[in-house]
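Engineer: Please read through the structure below; I'll follow up with questions.
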Amino acid sequence: MSPRFSLTYYDPPERLARHVLAYFHFIWEDEIIEDRHPGALGQLVMFPRGAGEMQFPTGTDPVRGDAYVFCGFTTAVPFRISGPWHVYGASLSPLGWAALTDTPAPEFLDRIKPAETLLGPDISSFSHDLNTAYRAGEIDGKEACDRLSDWIEPRLRALPPRHEKLIETTLRWIAKSLYPDVDDLFANLAYSRRQAERLVERYFGFPPASLARKFRAVRASALLAKEDLTDEEEAQIAEAFYDQPHMVREIRRFCGYTPSRLGGPSDPILQVLLQLKNFNPLRHFTD
(Lines give C-alpha, C1' and ligand atoms only; values in the text may rest on other atoms or scores of the structure.)
Protein backbone atom coordinates (compact mmCIF):
# COMPACT_ATOMS: atom_id res chain seq x y z
CA MET A 1 0.00 0.00 0.00
CA SER A 2 1.28 3.45 -0.96
CA PRO A 3 0.13 6.58 0.88
CA ARG A 4 -0.77 7.92 -2.56
CA PHE A 5 -2.66 4.99 -4.04
CA SER A 6 -3.98 1.52 -3.30
CA LEU A 7 -3.71 -1.67 -5.34
CA THR A 8 -5.51 -4.81 -4.22
CA TYR A 9 -5.19 -8.24 -5.86
CA TYR A 10 -7.80 -11.01 -5.86
CA ASP A 11 -7.04 -14.62 -6.76
CA PRO A 12 -9.11 -16.10 -9.61
CA PRO A 13 -11.32 -19.11 -8.90
CA GLU A 14 -9.36 -22.33 -9.27
CA ARG A 15 -11.16 -23.26 -12.49
CA LEU A 16 -9.77 -20.07 -14.12
CA ALA A 17 -6.33 -20.14 -12.52
CA ARG A 18 -4.55 -21.19 -15.71
CA HIS A 19 -6.20 -18.39 -17.69
CA VAL A 20 -6.23 -15.47 -15.23
CA LEU A 21 -3.15 -14.62 -13.16
CA ALA A 22 -4.97 -12.19 -10.88
CA TYR A 23 -7.81 -9.72 -10.66
CA PHE A 24 -6.92 -6.24 -9.42
CA HIS A 25 -8.50 -3.02 -8.14
CA PHE A 26 -6.50 0.21 -8.29
CA ILE A 27 -7.36 3.64 -6.87
CA TRP A 28 -5.41 6.90 -7.03
CA GLU A 29 -7.23 10.11 -6.13
CA ASP A 30 -4.71 12.71 -7.42
CA GLU A 31 -5.76 15.16 -10.12
CA ILE A 32 -2.83 14.38 -12.45
CA ILE A 33 -1.07 11.00 -12.47
CA GLU A 34 2.08 10.28 -14.49
CA ASP A 35 4.17 7.13 -14.44
CA ARG A 36 5.03 4.08 -16.58
CA HIS A 37 3.41 0.70 -17.10
CA PRO A 38 5.72 -2.31 -17.76
CA GLY A 39 2.93 -4.24 -19.52
CA ALA A 40 4.59 -7.61 -20.04
CA LEU A 41 1.33 -9.53 -20.46
CA GLY A 42 -2.20 -8.96 -21.73
CA GLN A 43 -4.90 -7.43 -19.54
CA LEU A 44 -8.61 -6.69 -19.72
CA VAL A 45 -9.03 -3.38 -17.89
CA MET A 46 -12.11 -1.36 -16.84
CA PHE A 47 -11.87 2.42 -16.34
CA PRO A 48 -14.85 3.63 -14.25
CA ARG A 49 -13.01 6.85 -13.34
CA GLY A 50 -10.17 8.77 -14.96
CA ALA A 51 -9.09 9.50 -18.52
CA GLY A 52 -5.82 10.18 -20.28
CA GLU A 53 -3.35 8.65 -22.70
CA MET A 54 -0.50 6.17 -23.07
CA GLN A 55 2.56 7.04 -25.16
CA PHE A 56 3.86 4.19 -27.31
CA PRO A 57 6.87 4.31 -29.64
CA THR A 58 4.45 4.19 -32.59
CA GLY A 59 2.02 6.81 -31.29
CA THR A 60 -0.31 7.84 -28.49
CA ASP A 61 -3.43 5.86 -27.56
CA PRO A 62 -6.26 7.61 -25.69
CA VAL A 63 -7.86 6.18 -22.55
CA ARG A 64 -11.38 7.61 -22.61
CA GLY A 65 -13.76 4.66 -22.49
CA ASP A 66 -15.21 2.00 -20.23
CA ALA A 67 -13.04 -0.99 -21.16
CA TYR A 68 -9.68 -1.58 -22.83
CA VAL A 69 -7.45 -4.46 -23.71
CA PHE A 70 -3.75 -4.03 -22.96
CA CYS A 71 -2.02 -6.13 -25.58
CA GLY A 72 1.45 -6.48 -24.05
CA PHE A 73 4.30 -3.98 -24.39
CA THR A 74 7.88 -4.39 -25.58
CA THR A 75 9.03 -1.53 -23.34
CA ALA A 76 7.66 0.34 -20.33
CA VAL A 77 5.02 2.81 -21.53
CA PRO A 78 4.59 6.34 -20.12
CA PHE A 79 1.05 7.40 -19.28
CA ARG A 80 -0.72 10.53 -18.08
CA ILE A 81 -4.15 10.29 -16.45
CA SER A 82 -6.49 13.00 -15.18
CA GLY A 83 -7.76 11.66 -11.89
CA PRO A 84 -9.26 10.55 -9.70
CA TRP A 85 -8.31 7.23 -11.32
CA HIS A 86 -10.13 3.99 -10.51
CA VAL A 87 -9.31 0.80 -12.41
CA TYR A 88 -10.16 -2.88 -12.06
CA GLY A 89 -9.54 -5.81 -14.34
CA ALA A 90 -7.88 -9.12 -15.09
CA SER A 91 -4.23 -9.95 -15.83
CA LEU A 92 -4.29 -12.78 -18.37
CA SER A 93 -1.85 -15.62 -18.82
CA PRO A 94 -0.73 -16.36 -22.41
CA LEU A 95 -3.29 -19.19 -22.41
CA GLY A 96 -5.97 -16.82 -21.16
CA TRP A 97 -5.15 -14.19 -23.78
CA ALA A 98 -5.44 -16.72 -26.61
CA ALA A 99 -8.60 -18.34 -25.22
CA LEU A 100 -10.39 -15.03 -24.63
CA THR A 101 -9.34 -12.92 -27.61
CA ASP A 102 -8.60 -15.58 -30.27
CA THR A 103 -5.98 -13.10 -31.48
CA PRO A 104 -2.24 -13.66 -32.04
CA ALA A 105 -0.36 -11.82 -29.29
CA PRO A 106 1.91 -9.81 -31.68
CA GLU A 107 -1.02 -8.40 -33.66
CA PHE A 108 -1.65 -5.52 -31.26
CA LEU A 109 1.66 -5.48 -29.43
CA ASP A 110 2.57 -2.06 -28.03
CA ARG A 111 -1.00 -0.81 -28.20
CA ILE A 112 -4.09 -0.57 -26.10
CA LYS A 113 -7.42 -1.09 -27.80
CA PRO A 114 -11.06 -0.51 -26.88
CA ALA A 115 -12.10 -3.93 -25.62
CA GLU A 116 -14.86 -4.34 -28.19
CA THR A 117 -12.17 -4.35 -30.92
CA LEU A 118 -11.08 -7.81 -29.78
CA LEU A 119 -14.00 -9.04 -27.69
CA GLY A 120 -17.05 -7.84 -29.59
CA PRO A 121 -20.00 -5.60 -28.66
CA ASP A 122 -21.01 -7.61 -25.57
CA ILE A 123 -18.09 -6.20 -23.58
CA SER A 124 -19.22 -2.63 -24.31
CA SER A 125 -22.68 -3.01 -22.77
CA PHE A 126 -21.34 -5.16 -19.95
CA SER A 127 -18.54 -2.74 -19.00
CA HIS A 128 -20.85 0.28 -19.23
CA ASP A 129 -23.36 -1.28 -16.83
CA LEU A 130 -20.64 -2.54 -14.49
CA ASN A 131 -18.85 0.81 -14.36
CA THR A 132 -22.15 2.62 -13.80
CA ALA A 133 -22.87 0.39 -10.80
CA TYR A 134 -19.35 0.99 -9.48
CA ARG A 135 -19.59 4.76 -9.82
CA ALA A 136 -22.97 4.73 -8.04
CA GLY A 137 -21.43 2.86 -5.11
CA GLU A 138 -23.65 -0.18 -5.68
CA ILE A 139 -20.61 -2.49 -5.95
CA ASP A 140 -17.01 -2.30 -4.76
CA GLY A 141 -13.84 -3.39 -6.52
CA LYS A 142 -14.08 -6.98 -5.30
CA GLU A 143 -17.63 -7.46 -6.57
CA ALA A 144 -16.73 -5.78 -9.86
CA CYS A 145 -13.89 -8.29 -10.31
CA ASP A 146 -16.21 -11.17 -9.42
CA ARG A 147 -18.70 -10.07 -12.07
CA LEU A 148 -15.89 -9.66 -14.59
CA SER A 149 -14.76 -13.20 -13.82
CA ASP A 150 -18.29 -14.47 -14.47
CA TRP A 151 -18.27 -12.66 -17.82
CA ILE A 152 -14.89 -14.05 -18.86
CA GLU A 153 -15.43 -17.72 -18.00
CA PRO A 154 -18.07 -18.72 -20.62
CA ARG A 155 -16.17 -16.85 -23.34
CA LEU A 156 -12.91 -18.79 -23.05
CA ARG A 157 -12.29 -20.85 -26.18
CA ALA A 158 -10.54 -24.22 -26.24
CA LEU A 159 -7.09 -24.28 -27.83
CA PRO A 160 -5.67 -27.20 -29.80
CA PRO A 161 -4.17 -29.57 -27.21
CA ARG A 162 -0.73 -29.45 -28.87
CA HIS A 163 -0.74 -25.65 -28.71
CA GLU A 164 -1.76 -25.68 -25.05
CA LYS A 165 1.10 -28.09 -24.40
CA LEU A 166 3.50 -25.71 -26.16
CA ILE A 167 2.35 -22.86 -23.90
CA GLU A 168 2.84 -24.99 -20.78
CA THR A 169 6.29 -26.15 -21.89
CA THR A 170 7.35 -22.57 -22.67
CA LEU A 171 6.17 -21.37 -19.28
CA ARG A 172 8.12 -24.09 -17.51
CA TRP A 173 11.16 -23.12 -19.54
CA ILE A 174 10.85 -19.46 -18.50
CA ALA A 175 10.61 -20.56 -14.87
CA LYS A 176 13.91 -22.46 -14.94
CA SER A 177 16.12 -19.42 -14.40
CA LEU A 178 16.34 -15.69 -14.97
CA TYR A 179 17.70 -16.35 -18.46
CA PRO A 180 17.09 -19.92 -19.67
CA ASP A 181 18.85 -21.48 -22.67
CA VAL A 182 16.75 -21.26 -25.85
CA ASP A 183 18.05 -24.61 -27.09
CA ASP A 184 16.58 -26.28 -24.00
CA LEU A 185 13.13 -25.07 -25.06
CA PHE A 186 13.38 -26.32 -28.62
CA ALA A 187 14.55 -29.72 -27.37
CA ASN A 188 11.28 -30.12 -25.45
CA LEU A 189 8.83 -28.96 -28.11
CA ALA A 190 7.27 -31.35 -30.61
CA TYR A 191 7.84 -28.97 -33.52
CA SER A 192 10.60 -27.99 -35.85
CA ARG A 193 12.64 -25.00 -34.71
CA ARG A 194 10.94 -22.76 -37.26
CA GLN A 195 7.45 -23.90 -36.24
CA ALA A 196 8.28 -23.53 -32.57
CA GLU A 197 9.57 -19.98 -33.09
CA ARG A 198 6.36 -19.04 -34.90
CA LEU A 199 4.01 -20.58 -32.33
CA VAL A 200 5.82 -19.17 -29.31
CA GLU A 201 5.62 -15.72 -30.86
CA ARG A 202 1.92 -16.24 -31.64
CA TYR A 203 1.05 -16.97 -28.02
CA PHE A 204 3.60 -14.88 -26.15
CA GLY A 205 4.13 -11.92 -28.47
CA PHE A 206 7.87 -12.55 -28.77
CA PRO A 207 10.10 -15.28 -30.23
CA PRO A 208 11.81 -17.38 -27.54
CA ALA A 209 15.09 -15.43 -27.29
CA SER A 210 13.31 -12.07 -27.02
CA LEU A 211 10.80 -13.53 -24.59
CA ALA A 212 13.58 -14.72 -22.28
CA ARG A 213 15.33 -11.37 -22.57
CA LYS A 214 12.24 -9.35 -21.59
CA PHE A 215 11.31 -11.60 -18.67
CA ARG A 216 14.89 -11.50 -17.45
CA ALA A 217 14.73 -7.71 -17.22
CA VAL A 218 11.26 -7.59 -15.68
CA ARG A 219 11.96 -10.28 -13.10
CA ALA A 220 15.35 -8.80 -12.22
CA SER A 221 13.66 -5.43 -11.75
CA ALA A 222 11.07 -6.98 -9.46
CA LEU A 223 13.83 -8.51 -7.35
CA LEU A 224 15.84 -5.28 -7.23
CA ALA A 225 12.76 -3.37 -6.09
CA LYS A 226 12.55 -5.58 -2.99
CA GLU A 227 13.78 -4.17 0.30
CA ASP A 228 14.92 -7.61 1.48
CA LEU A 229 16.92 -8.87 -1.53
CA THR A 230 18.71 -12.05 -0.45
CA ASP A 231 22.28 -13.03 -1.28
CA GLU A 232 20.95 -15.88 -3.42
CA GLU A 233 18.68 -13.56 -5.41
CA GLU A 234 21.53 -11.08 -5.85
CA ALA A 235 23.71 -13.91 -7.20
CA GLN A 236 20.98 -14.98 -9.63
CA ILE A 237 20.75 -11.46 -11.02
CA ALA A 238 24.53 -11.22 -11.39
CA GLU A 239 24.68 -14.52 -13.28
CA ALA A 240 21.90 -13.48 -15.68
CA PHE A 241 23.75 -10.49 -17.15
CA TYR A 242 27.23 -10.01 -18.62
CA ASP A 243 28.02 -7.18 -16.22
CA GLN A 244 26.36 -4.30 -14.39
CA PRO A 245 26.21 -1.91 -17.39
CA HIS A 246 24.50 -4.67 -19.38
CA MET A 247 21.94 -5.14 -16.59
CA VAL A 248 21.29 -1.39 -16.41
CA ARG A 249 20.77 -1.13 -20.20
CA GLU A 250 18.36 -4.08 -20.29
CA ILE A 251 16.28 -2.91 -17.34
CA ARG A 252 16.13 0.63 -18.72
CA ARG A 253 14.99 -0.74 -22.08
CA PHE A 254 12.21 -2.98 -20.85
CA CYS A 255 11.16 -1.27 -17.60
CA GLY A 256 11.85 2.38 -18.32
CA TYR A 257 14.11 3.16 -15.39
CA THR A 258 17.60 2.34 -14.25
CA PRO A 259 17.75 -0.05 -11.27
CA SER A 260 18.79 2.73 -8.89
CA ARG A 261 15.43 4.41 -9.50
CA LEU A 262 13.22 1.34 -9.17
CA GLY A 263 10.91 1.88 -6.24
CA GLY A 264 11.97 5.49 -5.82
CA PRO A 265 9.56 8.28 -4.90
CA SER A 266 9.11 9.38 -8.52
CA ASP A 267 7.80 6.02 -9.75
CA PRO A 268 5.58 4.45 -7.07
CA ILE A 269 3.22 2.67 -9.45
CA LEU A 270 6.06 1.01 -11.34
CA GLN A 271 7.43 -0.48 -8.13
CA VAL A 272 4.11 -2.16 -7.36
CA LEU A 273 3.37 -3.22 -10.94
CA LEU A 274 6.77 -4.94 -11.12
CA GLN A 275 5.77 -7.31 -8.33
CA LEU A 276 6.06 -10.86 -9.62
CA LYS A 277 2.34 -11.42 -9.03
CA ASN A 278 1.74 -9.44 -12.22
CA PHE A 279 4.38 -11.24 -14.24
CA ASN A 280 4.26 -14.79 -12.93
CA PRO A 281 2.35 -16.88 -15.46
CA LEU A 282 4.31 -19.88 -14.19
CA ARG A 283 2.68 -20.81 -10.91
CA HIS A 284 -0.21 -22.83 -12.34
CA PHE A 285 1.93 -24.76 -14.85
CA THR A 286 4.89 -25.81 -12.75
CA ASP A 287 3.39 -28.10 -10.12
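Just so we're on the same page: first chain in the C-alpha coordinates is A, next is B, and so on; residues restart at 1 for each chain, and ligands are numbered from 1 in the order they show up.
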Mind checking DSSP for region 187-221 of chain A and telling me the alpha helix (DSSP H) residues as a list in words?

Structural biologist: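 Those in region 187-221 of chain A that DSSP calls alpha helix (DSSP H) are Ala187, Arg193, Arg194, Gln195, Ala196, Glu197, Arg198, Leu199, Val200, Glu201, Arg202, Tyr203, Phe204, Pro208, Ala209, Ser210, Leu211, Ala212, Arg213, Lys214, Phe215, Arg216, Ala217, Val218, Arg219, Ala220 and Ser221 of chain A.
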
Engineer: Fewer than 4 positions away in the same chain doesn't count, so skip those; otherwise give me all residues within 12 Å of Asp129 (chain A), counting only C-alpha atoms, as an NGL selection string.

Structural biologist: :A and (46 or 48 or 66-67 or 122-125 or 133-136 or 138-139 or 144 or 147-148)

Engineer: Taking into account only C-alpha atoms, which residue in the set A:Arg219, A:Lys214, A:His86, A:His19 is nearest to Gly72 (chain A)?

Structural biologist: A:Lys214

Engineer: Return the single residue from A:Arg193, A:Arg216, A:Arg15, A:Arg155 that is closest to Lys176 (chain A), with distances computed using only C-alpha atoms.

Structural biologist: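 Smallest separation from Lys176 (chain A) among the options: A:Arg216.
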
Engineer: Quick one: everything within 10 Å of Phe108 (chain A), counting only C-alpha atoms, minus sequence neighbours fewer than 5 positions away in the same chain. Send it as a ChimeraX atom specification.

Structural biologist: /A:69-73,103,113,118,205

Engineer: Give the answer as one residue: which of A:Ala240, A:Val218, A:Leu211, A:Met247 has the shortest atom-to-atom distance to Leu171 (chain A), using only C-alpha atoms?

Structural biologist: A:Leu211

Engineer: Which residue, A:Glu53, A:Asp146, A:Asp183, A:Asp110, has the smallest gap to Pro13 (chain A) when you use only C-alpha atoms?

Structural biologist: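 The shortest atom-to-atom distance to Pro13 (chain A) comes from A:Asp146.
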
Engineer: Contacts of Ala99 (chain A) at 9 Å or less, counting only C-alpha atoms, minus same-chain residues fewer than 3 places along, as JSON, numbers by chain?

Structural biologist: {"A": [19, 94, 95, 96, 102, 103, 155, 156, 157, 158, 159]}

Engineer: Neighbours of Lys142 (chain A) within 10 Å (only C-alpha atoms; same-chain residues fewer than 5 positions away dropped), as a count of residues only?

Structural biologist: 9

Engineer: Quick one: everything within 9 Å of Arg80 (chain A), counting only C-alpha atoms, minus sequence neighbours fewer than 5 positions away in the same chain. Send it as a list in words.

Structural biologist: Ile32, Ile33, Glu34, Asp35, Arg36, Ala51, Gly52, Glu53, Met54 and Gln55 of chain A

Engineer: Taking all heavy atoms for each residue, export the selection above as a short mmCIF file (atom, residue, chain, number, x, y, z; two decimals), in the first residue's frame.

Structural biologist:
```
data_model
loop_
_atom_site.label_atom_id
_atom_site.label_comp_id
_atom_site.auth_asym_id
_atom_site.auth_seq_id
_atom_site.Cartn_x
_atom_site.Cartn_y
_atom_site.Cartn_z
N ILE A 32 -3.66 14.73 -11.31
CA ILE A 32 -2.83 14.38 -12.45
C ILE A 32 -1.90 13.25 -12.02
O ILE A 32 -1.21 13.35 -11.01
CB ILE A 32 -2.00 15.57 -12.97
CG1 ILE A 32 -2.93 16.70 -13.43
CG2 ILE A 32 -1.07 15.13 -14.09
CD1 ILE A 32 -3.78 16.34 -14.64
N ILE A 33 -1.85 12.19 -12.81
CA ILE A 33 -1.07 11.00 -12.47
C ILE A 33 -0.18 10.67 -13.67
O ILE A 33 -0.68 10.48 -14.78
CB ILE A 33 -2.00 9.81 -12.15
CG1 ILE A 33 -2.88 10.17 -10.95
CG2 ILE A 33 -1.19 8.55 -11.88
CD1 ILE A 33 -4.15 9.35 -10.86
N GLU A 34 1.12 10.61 -13.43
CA GLU A 34 2.08 10.28 -14.49
C GLU A 34 3.03 9.21 -13.99
O GLU A 34 3.59 9.33 -12.90
CB GLU A 34 2.87 11.53 -14.91
CG GLU A 34 2.03 12.60 -15.57
CD GLU A 34 2.85 13.80 -16.00
OE1 GLU A 34 3.30 14.55 -15.11
OE2 GLU A 34 3.03 13.98 -17.22
N ASP A 35 3.26 8.19 -14.80
CA ASP A 35 4.17 7.13 -14.44
C ASP A 35 4.39 6.27 -15.68
O ASP A 35 4.16 6.74 -16.80
CB ASP A 35 3.62 6.29 -13.26
CG ASP A 35 4.73 5.69 -12.41
OD1 ASP A 35 5.45 4.83 -12.92
OD2 ASP A 35 4.85 6.08 -11.23
N ARG A 36 4.83 5.03 -15.48
CA ARG A 36 5.03 4.08 -16.58
C ARG A 36 4.40 2.75 -16.23
O ARG A 36 4.30 2.40 -15.06
CB ARG A 36 6.53 3.88 -16.87
CG ARG A 36 7.22 5.12 -17.39
CD ARG A 36 8.71 4.94 -17.47
NE ARG A 36 9.36 6.16 -17.91
CZ ARG A 36 9.87 6.35 -19.12
NH1 ARG A 36 9.82 5.37 -20.01
NH2 ARG A 36 10.44 7.48 -19.46
N ALA A 51 -9.30 9.53 -17.08
CA ALA A 51 -9.09 9.50 -18.52
C ALA A 51 -7.73 10.09 -18.82
O ALA A 51 -7.21 10.91 -18.06
CB ALA A 51 -10.19 10.29 -19.25
N GLY A 52 -7.14 9.66 -19.93
CA GLY A 52 -5.82 10.18 -20.28
C GLY A 52 -5.29 9.54 -21.53
O GLY A 52 -6.04 9.33 -22.49
N GLU A 53 -3.98 9.21 -21.51
CA GLU A 53 -3.35 8.65 -22.70
C GLU A 53 -2.11 7.86 -22.32
O GLU A 53 -1.52 8.06 -21.25
CB GLU A 53 -2.98 9.77 -23.68
CG GLU A 53 -2.00 10.78 -23.10
CD GLU A 53 -1.79 11.97 -24.01
OE1 GLU A 53 -2.69 12.25 -24.83
OE2 GLU A 53 -0.73 12.61 -23.91
N MET A 54 -1.73 6.94 -23.21
CA MET A 54 -0.50 6.17 -23.07
C MET A 54 0.35 6.41 -24.30
O MET A 54 -0.16 6.43 -25.43
CB MET A 54 -0.82 4.67 -22.91
CG MET A 54 -1.73 4.38 -21.73
SD MET A 54 -1.89 2.61 -21.34
CE MET A 54 -0.34 2.35 -20.47
N GLN A 55 1.65 6.61 -24.09
CA GLN A 55 2.56 7.04 -25.16
C GLN A 55 3.44 5.88 -25.61
O GLN A 55 4.41 5.53 -24.95
CB GLN A 55 3.41 8.21 -24.67
CG GLN A 55 2.60 9.42 -24.25
CD GLN A 55 3.43 10.46 -23.53
OE1 GLN A 55 4.66 10.42 -23.54
NE2 GLN A 55 2.76 11.41 -22.90
#
```

Engineer: Just asking: which residues within region 60-226 of chain A are strand (DSSP E or B) according to DSSP, as number ranges by chain?

Structural biologist: A: 60-63, 67-70, 77-92, 112-114

Engineer: Nearest to Pro78 (chain A) among A:Arg213, A:Arg249, A:Arg172, A:His37, with distances taken over only C-alpha atoms: which residue is it?

Structural biologist: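 Closest to Pro78 (chain A) of all the choices is A:His37.
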
Engineer: Tell me, in Å to one decimal, how far CA of Ser6 (chain A) is from CA of Glu31 (chain A).

Structural biologist: 15.4 Å
